[in-house]
Amino acid sequence: MASPMHQFEIQQVLPLPTVNIPGLGAIDLSINNSVMAMMLAATLVVAFFAVATAKAAVVPGRMQVIGEGVFSYIDDLVAGIIGPEGRKFFPFVFTLFLFILAMNVLGLFLVFTATSQLAVTASLAVMTMLLVICYGVLRNGANMYKLFVPAGIPWYMLILVTPIEIISFVLRPVTLALRLFGNMLGGHVALKVFAGFVVSLGAMAAGGGLGLLGIPGAALSLGGVVALTALEFLVAFLQAFVFAVLACVYLNDVVNLGHHH
């Protein structure tokens with residue numbers, strides 16, 4: 001049985017020349033399977049909404065209903081967590097949610113899952129936190145320190161609480177990245193293991209004799225694959241949703257900073 005970790009290996013798809021960028025050094029521009037999966041996910045999202053909105057009508061068709069439903073769902077999510085001012089972040093959260101969802105779902109049909117790569121999830125997490133920090137500083141200025149000084153805390157407790165708040169803030173991108181990465185990696189490893197059992201036990205049963213005892217095990221493993229696949233579709237949505245919700249929560253912290261204190 002092939003290693004369940006083989007599916008996560010980065011492989012070059014389209015070799016391109018390496019360029020030297022001042023300050024960054026040599027950058028390999030070659031397209032690998034991870035980049036290909038992300039490009040395909042982005043293309044499918046754009047294509048879906050291009051088709052869904054191509055013939056917009058008062059009485060919407062199925063594609064338009066789905067598109068408008070996702071749009072309203074994320075719009076309500078952003079407005080509900082951040083408030084009316086949060087709608088300026090709608091394009092970012094909407095794109096983030098759909099991009100992660102598309103990569104997660106594509107991973108169930110392709111050999112490679114982009115979100116099973118820590119570099120991908122970490123990049124999305126760092127990008128989100130950079131937006132939070134930049135907007136927080138521009139909006140609140142010097143009052144940004146209030147993010148690390150909870151209201152109602154006695155002054156003598158600030159020596160203990162403030163460092164904890166700072167560490168918690170610094171670890172936010174880490175937890176964002178690891179949560180998505182861990183769930184996608186673990187789910188696909190489990191699927192690969194159960195699928196391997198189906199093949200191994202089925203091959204054993206094909207040999208006849210005592211090998212026929214492998215049939216119940218193969219059937220049980222196949223049932224596990226079906227159940228895990230259904231669960232992975234749910235996890236694919238939930239992880240995209242959780243990432244979008246946490247992005248809204250972190251943005252809310254800086255948008256409504258004055259209201260919290």
# chains A, B, ... in the order shown; residues from 1 in each chain; ligands from 1
>>> closest_atom_pairs(of="range 108-165 of chain A", to="range 180-189 of chain A", cutoff="12 Å", atoms="only C-alpha atoms", output="CSV")
residue,atom,partner,partner_atom,distance
A:Leu108,CA,A:His188,CA,8.3
A:Phe109,CA,A:His188,CA,11.4
A:Leu110,CA,A:His188,CA,11.4
A:Val111,CA,A:His188,CA,10.2
A:Phe112,CA,A:His188,CA,9.8
A:Thr113,CA,A:Met184,CA,7.9
A:Ala114,CA,A:Met184,CA,9.2
A:Thr115,CA,A:Phe181,CA,5.9
A:Ser116,CA,A:Leu185,CA,4.9
A:Gln117,CA,A:Phe181,CA,6.4
A:Leu118,CA,A:Phe181,CA,5.7
A:Ala119,CA,A:Phe181,CA,9.1
A:Val120,CA,A:Phe181,CA,8.5
A:Thr121,CA,A:Phe181,CA,6.2
A:Ala122,CA,A:Phe181,CA,8.6
A:Ser123,CA,A:Phe181,CA,11.5
A:Leu124,CA,A:Leu180,CA,10.3
A:Ala125,CA,A:Leu180,CA,9.8
>>> atom_distance(atom1="CA of Val170 in chain A", atom2="CA of Lys88 in chain A")
24.4 Å
>>> atom_distance(atom1="CA of Ile166 in chain A", atom2="CA of Pro91 in chain A")
28.2 Å
>>> residues_around(residues="range 130-135 of chain A", least_positions_apart="5", cutoff="7 Å", atoms="only C-alpha atoms", output="PyMOL selection string")
chain A and resi 250-251+254
>>> select_by_dssp(residues="range 67-160 of chain A", states="helix (DSSP H, G or I)", output="ChimeraX atom specification")
/A:67-82,84-106,114-116,118-148,155-160
>>> atom_distance(atom1="CA of Thr162 in chain A", atom2="CA of Ala142 in chain A")
15.9 Å
>>> select_by_dssp(residues="range 23-257 of chain A", states="strand (DSSP E or B)", output="PyMOL selection string")
chain A and resi 25-28+31-32
>>> residues_around(residues="range 194-196 of chain A", least_positions_apart="3", cutoff="8 Å", atoms="only C-alpha atoms", output="PyMOL selection string")
chain A and resi 1-2+190-191+199-200+221-222+224-225
>>> residues_around(residues="Leu212 in chain A", least_positions_apart="5", cutoff="9 Å", atoms="only C-alpha atoms", output="PyMOL selection string")
chain A and resi 201-202+204-207
>>> write_last_selection(atoms="N, CA and C atoms", output="short mmCIF file (atom, residue, chain, number, x, y, z; two decimals), in the first residue's frame")
data_model
loop_
_atom_site.label_atom_id
_atom_site.label_comp_id
_atom_site.auth_asym_id
_atom_site.auth_seq_id
_atom_site.Cartn_x
_atom_site.Cartn_y
_atom_site.Cartn_z
N LEU A 201 -7.27 -5.79 1.53
CA LEU A 201 -8.14 -6.90 1.94
C LEU A 201 -8.85 -7.51 0.74
N GLY A 202 -9.19 -6.68 -0.25
CA GLY A 202 -9.82 -7.20 -1.46
C GLY A 202 -8.87 -8.10 -2.23
N MET A 204 -6.41 -9.76 -0.91
CA MET A 204 -6.24 -10.97 -0.12
C MET A 204 -7.41 -11.93 -0.35
N ALA A 205 -8.62 -11.36 -0.44
CA ALA A 205 -9.80 -12.20 -0.66
C ALA A 205 -9.78 -12.83 -2.05
N ALA A 206 -9.18 -12.12 -3.01
CA ALA A 206 -9.13 -12.65 -4.38
C ALA A 206 -8.27 -13.90 -4.47
N GLY A 207 -7.39 -14.10 -3.49
CA GLY A 207 -6.54 -15.28 -3.48
C GLY A 207 -7.26 -16.54 -3.05
#
>>> residues_around(residues="Asp253 in chain A", least_positions_apart="6", cutoff="9 Å", atoms="only C-alpha atoms", output="PDB file with N, CA, C and O atoms, in the first residue's frame")
ATOM      1  N   ILE A  82     -19.368  42.157  12.542  1.00  0.00           N
ATOM      2  CA  ILE A  82     -18.647  43.430  12.613  1.00  0.00           C
ATOM      3  C   ILE A  82     -19.595  44.616  12.724  1.00  0.00           C
ATOM      4  O   ILE A  82     -19.273  45.628  13.345  1.00  0.00           O
ATOM      5  N   VAL A 132      -5.868  43.026   9.464  1.00  0.00           N
ATOM      6  CA  VAL A 132      -6.355  43.416  10.785  1.00  0.00           C
ATOM      7  C   VAL A 132      -5.434  44.464  11.415  1.00  0.00           C
ATOM      8  O   VAL A 132      -5.894  45.499  11.928  1.00  0.00           O
ATOM      9  N   GLY A 136      -6.360  48.305  11.845  1.00  0.00           N
ATOM     10  CA  GLY A 136      -6.451  48.692  13.253  1.00  0.00           C
ATOM     11  C   GLY A 136      -5.590  49.898  13.568  1.00  0.00           C
ATOM     12  O   GLY A 136      -6.021  50.825  14.282  1.00  0.00           O
ATOM     13  N   LEU A 147      -6.323  47.166  22.573  1.00  0.00           N
ATOM     14  CA  LEU A 147      -6.610  45.788  22.182  1.00  0.00           C
ATOM     15  C   LEU A 147      -5.975  44.797  23.148  1.00  0.00           C
ATOM     16  O   LEU A 147      -6.447  43.671  23.312  1.00  0.00           O
ATOM     17  N   HIS A 260     -15.513  48.519  22.900  1.00  0.00           N
ATOM     18  CA  HIS A 260     -15.236  47.432  23.842  1.00  0.00           C
ATOM     19  C   HIS A 260     -14.680  47.942  25.153  1.00  0.00           C
ATOM     20  O   HIS A 260     -14.509  47.193  26.101  1.00  0.00           O
TER      21      HIS A 260
END
>>> closest_residue(among="A:Ala177, A:Met39, A:Val105, A:Val255", to="Glu232 in chain A", atoms="only C-alpha atoms")
A:Val105
>>> closest_residue(among="A:Leu106, A:Pro84, A:Pro173, A:Phe90", to="Leu44 in chain A", atoms="only C-alpha atoms")
A:Leu106
